[in-house]
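The next block holds one structure in the form of structure tokens; read it before the comments.
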Amino acid sequence: MIVSHQHFDLNGKIVLERIVFKTPFVANREMQNEACLLYNIKGDIKLYSALDKEMLLENECILMKCGQYFTTHPPNINQIPSDVVVIHFYPDVLQLVFENNLPIYFLDSSATKNKPEINRIVVDTILQNYIQSLLFFFENPALVTDELVALKVKEVILLLLNTSSKEAKKIKVILGDIFNPTKASFKEIINAHCYDNLTTEQYALLCNMSLSTFKRRFGEIFGENPASYIRNNKLKKAARLLKTTNASVASICYDTGFSDTSNFTKIFRAYFKCTPIKYRNMKD
């Protein structure tokens with residue numbers, strides 16, 4: 001449940017945003033012509049994109065390129081609301097911020113190919129101070145003007161470009177992608193998350209499809225329904241791990257995307273006609 005949602009806009013778009021919410025919470029986001037920086041102030045976030053996934057703890061930060069995303073926020077045992085700040089980057093807003101003198105490397109299409117969709121950013125004192133400055137303005141919104149919003153967007157870009165060569169490369173690639181977007185294939189998305197504990201609806205969301213369209217497309221490509229294909233691939237991976245590693249059954253259960261060991265054992269027995277322990281002890 002959202003407790004508070006504050007935002008400052010430019011060109012009719014949300015540019016600076018702070019969201020405070022109670023967990024558990026799930027959020028979906030389509031960014032087809034947009035990138036963003038997400039700073040997690042409080043709480044834990046599990047973030048999924050078409051090809052990547054990340055777990056964010058408190059005071060961790062990521063850059064996200066164009067694409068389809070959803071986040072899950074597990075319950076907070078202390079009942080403390082989660083708190084995130086998001087800075088959105090749009091092509092027209094960046095043109096405005098840089099007064100139509102956009103740095104040339106943002107327009108380099110070769111830099112965006114085969115790059116991660118989610119990039120961790122090192123949180124140093126400079127970035128922490130920048131986030132604190134944003135929190136001050138969220139607490140004093142009457143002080144905020146369009147000119148100030150544009151200045152804060154430009155400021156964070158310049159800070160990231162000047163902190164280290166590694167961070168600079170990330171921001172160039174991410175911002176370049178909104179001018180030269182790339183798209184993952186259907187197969188790439190399924191293979192990237194085949195062993196995650198996702199629902200069919202969440203797979204459809206990552207593919208930016210309705211549930212019915214996703215199921216139809218899945219059948220055309222893989223020749224069976226999504227639930228059976230993904231479950232069977234998880235079981236085959238679990239079987240390989242049982243034979244080739246000393247990992248516990250519980251560890252293998254969670255590593256292959258099952259939610260609990262009892263359900264995993266039941267499904268495994270139905271497929272292989274024996275329990276995971278018996279399968280591990282069987283001679284090849």
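Starting from 1 in every chain, residues are counted up; chains themselves are A, B, ... following the order of the structure tokens, and ligands are numbered from 1 as listed.
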Selection: 8 Å around range 78-91 of chain A, only C-alpha atoms, excl. self and same-chain fewer than 2 positions, as a PyMOL selection string: chain A and resi 3+14-23+33-44+75-76+93-95+131+153+175+178-179
If we count only C-alpha atoms and set the cut-off at 10 Å, which residues sit around Ala239 in chain A, ignoring sequence neighbours fewer than 5 positions away in its own chain? Please answer as a tab-separated table (two decimals) with all heavy atoms, in the first residue's frame.
```
chain	number	residue	atom	x	y	z
A	233	ASN	N	11.74	-27.94	-17.11
A	233	ASN	CA	13.13	-27.48	-17.19
A	233	ASN	C	13.72	-27.30	-15.80
A	233	ASN	O	14.90	-27.61	-15.59
A	233	ASN	CB	13.21	-26.18	-17.99
A	233	ASN	CG	13.36	-26.42	-19.47
A	233	ASN	OD1	14.46	-26.56	-19.98
A	233	ASN	ND2	12.24	-26.49	-20.17
A	234	LYS	N	12.93	-26.83	-14.86
A	234	LYS	CA	13.39	-26.71	-13.48
A	234	LYS	C	13.73	-28.09	-12.90
A	234	LYS	O	14.76	-28.27	-12.23
A	234	LYS	CB	12.34	-26.03	-12.62
A	234	LYS	CG	12.15	-24.54	-12.90
A	234	LYS	CD	11.05	-23.97	-12.01
A	234	LYS	CE	10.87	-22.50	-12.22
A	234	LYS	NZ	9.80	-21.93	-11.36
A	244	THR	N	25.43	-33.98	-9.74
A	244	THR	CA	26.75	-33.38	-9.95
A	244	THR	C	27.24	-32.51	-8.81
A	244	THR	O	28.37	-32.02	-8.84
A	244	THR	CB	26.74	-32.53	-11.24
A	244	THR	OG1	25.75	-31.49	-11.12
A	244	THR	CG2	26.42	-33.40	-12.45
A	252	ILE	N	18.92	-26.92	-3.59
A	252	ILE	CA	18.60	-27.16	-5.00
A	252	ILE	C	17.17	-26.75	-5.30
A	252	ILE	O	16.88	-26.19	-6.36
A	252	ILE	CB	18.84	-28.65	-5.34
A	252	ILE	CG1	20.34	-28.95	-5.31
A	252	ILE	CG2	18.25	-29.01	-6.70
A	252	ILE	CD1	20.69	-30.41	-5.48
A	268	PHE	N	8.79	-33.50	-8.01
A	268	PHE	CA	9.93	-34.29	-8.48
A	268	PHE	C	9.55	-35.78	-8.54
A	268	PHE	O	9.87	-36.47	-9.52
A	268	PHE	CB	11.12	-34.08	-7.54
A	268	PHE	CG	12.41	-34.63	-8.07
A	268	PHE	CD1	13.31	-33.82	-8.73
A	268	PHE	CD2	12.74	-35.98	-7.89
A	268	PHE	CE1	14.51	-34.32	-9.22
A	268	PHE	CE2	13.94	-36.49	-8.37
A	268	PHE	CZ	14.82	-35.66	-9.05
A	272	PHE	N	9.90	-37.99	-11.89
A	272	PHE	CA	10.98	-38.97	-11.98
A	272	PHE	C	10.64	-40.31	-11.31
A	272	PHE	O	11.45	-41.23	-11.32
A	272	PHE	CB	12.26	-38.41	-11.35
A	272	PHE	CG	12.91	-37.34	-12.19
A	272	PHE	CD1	12.77	-36.00	-11.85
A	272	PHE	CD2	13.67	-37.67	-13.29
A	272	PHE	CE1	13.38	-35.00	-12.61
A	272	PHE	CE2	14.29	-36.69	-14.06
A	272	PHE	CZ	14.14	-35.36	-13.72
A	276	PRO	N	13.87	-36.97	-4.54
A	276	PRO	CA	15.18	-36.41	-4.87
A	276	PRO	C	16.35	-37.18	-4.24
A	276	PRO	O	17.37	-37.40	-4.88
A	276	PRO	CB	15.10	-34.98	-4.33
A	276	PRO	CG	13.65	-34.65	-4.38
A	276	PRO	CD	12.94	-35.93	-4.05
A	279	TYR	N	16.83	-40.40	-6.09
A	279	TYR	CA	17.39	-40.10	-7.43
A	279	TYR	C	18.89	-39.86	-7.32
A	279	TYR	O	19.66	-40.34	-8.13
A	279	TYR	CB	16.70	-38.89	-8.03
A	279	TYR	CG	17.14	-38.58	-9.43
A	279	TYR	CD1	16.49	-39.13	-10.53
A	279	TYR	CD2	18.22	-37.72	-9.67
A	279	TYR	CE1	16.89	-38.87	-11.82
A	279	TYR	CE2	18.64	-37.45	-10.95
A	279	TYR	CZ	17.98	-38.03	-12.04
A	279	TYR	OH	18.40	-37.77	-13.33
A	280	ARG	N	19.31	-39.12	-6.29
A	280	ARG	CA	20.74	-38.84	-6.12
A	280	ARG	C	21.52	-40.13	-5.87
A	280	ARG	O	22.66	-40.27	-6.35
A	280	ARG	CB	20.92	-37.88	-4.94
A	280	ARG	CG	22.36	-37.74	-4.47
A	280	ARG	CD	22.50	-36.64	-3.44
A	280	ARG	NE	22.73	-35.35	-4.09
A	280	ARG	CZ	22.66	-34.17	-3.48
A	280	ARG	NH1	22.32	-34.13	-2.19
A	280	ARG	NH2	22.92	-33.06	-4.13
```
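Excluding Tyr130 in chain A itself and same-chain residues fewer than 4 positions from it, the residues having an atom within 12 Å of it are A:Tyr39, A:Val85, A:Ile87, A:Val123, A:Asp124, A:Thr125, A:Ile126, A:Leu134, A:Leu135, A:Phe136, A:Phe137, A:Leu151, A:Lys152, A:Val153, A:Lys154, A:Glu155, A:Val156, A:Ile157, A:Leu158, A:Leu159, A:Leu160, counting only C-alpha atoms.
Residue nearest Lys166 in chain A, chosen from A:Ile121, A:Leu241, A:Thr145, A:Ser49 and counting only C-alpha atoms: A:Ile121.
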Non-local contacts of Val122 in chain A (12 Å; only C-alpha atoms; under 4 positions in same chain excluded) as a ChimeraX atom specification: /A:39,59-63,126-128,159-160,163-168,170
Store the residues of this selection in a file with C-alpha atoms, as a CSV table (one decimal), in the first residue's frame.
```
chain,number,residue,atom,x,y,z
A,39,TYR,CA,17.9,4.7,-5.0
A,59,ASN,CA,21.1,2.5,0.5
A,60,GLU,CA,21.8,0.7,-2.8
A,61,CYS,CA,21.3,2.2,-6.2
A,62,ILE,CA,20.8,1.0,-9.8
A,63,LEU,CA,20.5,2.4,-13.3
A,126,ILE,CA,28.7,12.3,-3.2
A,127,LEU,CA,25.7,10.3,-4.3
A,128,GLN,CA,24.4,10.1,-0.8
A,159,LEU,CA,28.1,13.5,-10.8
A,160,LEU,CA,28.0,9.9,-12.2
A,163,THR,CA,32.9,9.9,-10.1
A,164,SER,CA,34.7,7.0,-11.8
A,165,SER,CA,35.3,5.8,-15.4
A,166,LYS,CA,33.3,2.6,-14.6
A,167,GLU,CA,30.2,4.6,-13.4
A,168,ALA,CA,30.6,7.0,-16.3
A,170,LYS,CA,27.3,2.8,-17.3
```
Best match for closeness to Glu147 in chain A among A:Val173, A:Ala270, A:Leu161, A:Leu10, counting only C-alpha atoms: A:Leu10
Long-range neighbours of Asp92 in chain A as a ChimeraX atom specification, 9 Å cut-off, only C-alpha atoms, 4 positions minimum in chain: /A:11,96-97
Serialized selection, N, CA, C and O atoms, as a compact mmCIF listing (two decimals), in the first residue's frame:
```txt
# COMPACT_ATOMS: atom_id res chain seq x y z
N ASN A 11 7.94 18.86 -18.76
CA ASN A 11 7.33 18.46 -20.04
C ASN A 11 6.18 17.48 -19.85
O ASN A 11 5.98 16.58 -20.67
N LEU A 96 16.04 19.07 -23.18
CA LEU A 96 15.73 20.31 -22.48
C LEU A 96 16.79 20.64 -21.44
O LEU A 96 17.26 21.78 -21.36
N VAL A 97 17.17 19.62 -20.66
CA VAL A 97 18.14 19.82 -19.58
C VAL A 97 19.49 20.29 -20.13
O VAL A 97 20.14 21.16 -19.56
```
